[in-house]
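Accompanying notes for the structure given below.
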Amino acid sequence: MELNPIELITDEHERIKRELIELETIMESPEINYPNLIHTFHKLHIIWNAHEIKEAKIFELIEEKGFVMPFKKILFEHHEFEVHYCAVLDAINSGSEFEIKEVFSEHLIKLIEKVRMHQENEENALYSLPIEFTEEEIEKLNEFFN
């Protein structure tokens with residue numbers, strides 16, 4: 001099934017949301033499940049990186065249609081995510097349970113909140129656009145993303 005560009009973004013957002021829920025579950029557990037933490041965090045990173053590439057392509061297409069996307073704001077938010085991501089990754093790599101729990105409360109919670117707010121803002125902006133995509137544009141994007 002081919003999705004239009006906005007559906008592609010929201011589909012990716014749903015995949016990211018599932019991983020965020022899993023990270024929250026890991027944080028709430030009294031004991032850290034290291035294999036699950038590492039797996040989930042790595043999976044989220046892979047999904048996020050692919051998502052950024054897809055978003056850039058879709059936003060280019062939207063701008064070609066005459067709509068303005070707030071790229072500077074979006075890129076700034078993506079940079080903020082990277083700061084929190086690196087802090088969590090450093091704590092995981094340290095092997096210190098104390099450091100990991102500390103980074104959970106300092107960085108991982110903020111990362112989850114910021115990603116959710118970012119996604120909500122993006123979706124609100126995208127769904128407010130009176131935009132239609134040609135079948136050719138949809139096919140081209142779907143080929144690029146598969």
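All residue names refer to the structure tokens as shown: chains lettered A, B, ... in order, residues numbered from 1 in each chain, ligands numbered from 1 in order.
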Legend entry - Picked from segment 105-143 of chain A by DSSP as alpha helix (DSSP H), as a PyMOL selection string: chain A and resi 109-127+135-143
Inset, instruction - Excluding segment 36-47 of chain A and any residue of its chain fewer than 2 positions from it, enumerate the residues within 10 Å of it, using only C-alpha atoms, and give them as a VMD selection string. - result: chain A and resid 12 to 13 15 to 20 22 to 23 25 to 27 32 to 34 49 to 52 82 85 88 to 89 92 to 93
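Residue nearest Glu80 of chain A within the list A:Glu24, A:Glu113, A:Glu55, A:Glu60: A:Glu113 [criterion: smallest interatomic distance, only C-alpha atoms].
One distance worth recording is that between atom CA of Pro130 of chain A and atom CA of Phe145 of chain A, which is 23.5 Å.
Interatomic distance, atom CA of Glu97 of chain A against atom CA of Phe81 of chain A: 22.3 Å.
Closest to Ala125 of chain A among A:Pro70, A:Gly95, A:Pro5, A:Pro35 is A:Pro70, based on only C-alpha atoms.
When only C-alpha atoms are used to compute distances to Leu141 of chain A, the closest of the residues A:Lys110, A:Ser29, A:Glu14, A:Ala56 turns out to be A:Ala56.
The residue that comes closest to Ile58 of chain A, out of A:Met117, A:Asp90, A:Thr10, A:Asn124 and on the basis of only C-alpha atoms, is A:Thr10.
Residues in contact with segment 121-123 of chain A at up to 9 Å, not including ones fewer than 6 positions away on its chain and judged by only C-alpha atoms, are A:Ile6, A:Ile9, A:Thr10, A:Ile74.
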Inset, instruction - Between A:Leu129, A:Ala87, A:Gln119, A:Glu99, single out the one closest to Gly66 of chain A, counting only C-alpha atoms. - result: A:Leu129
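Between atom CA of Glu139 of chain A and atom CA of Val68 of chain A lies a distance of 22.6 Å.
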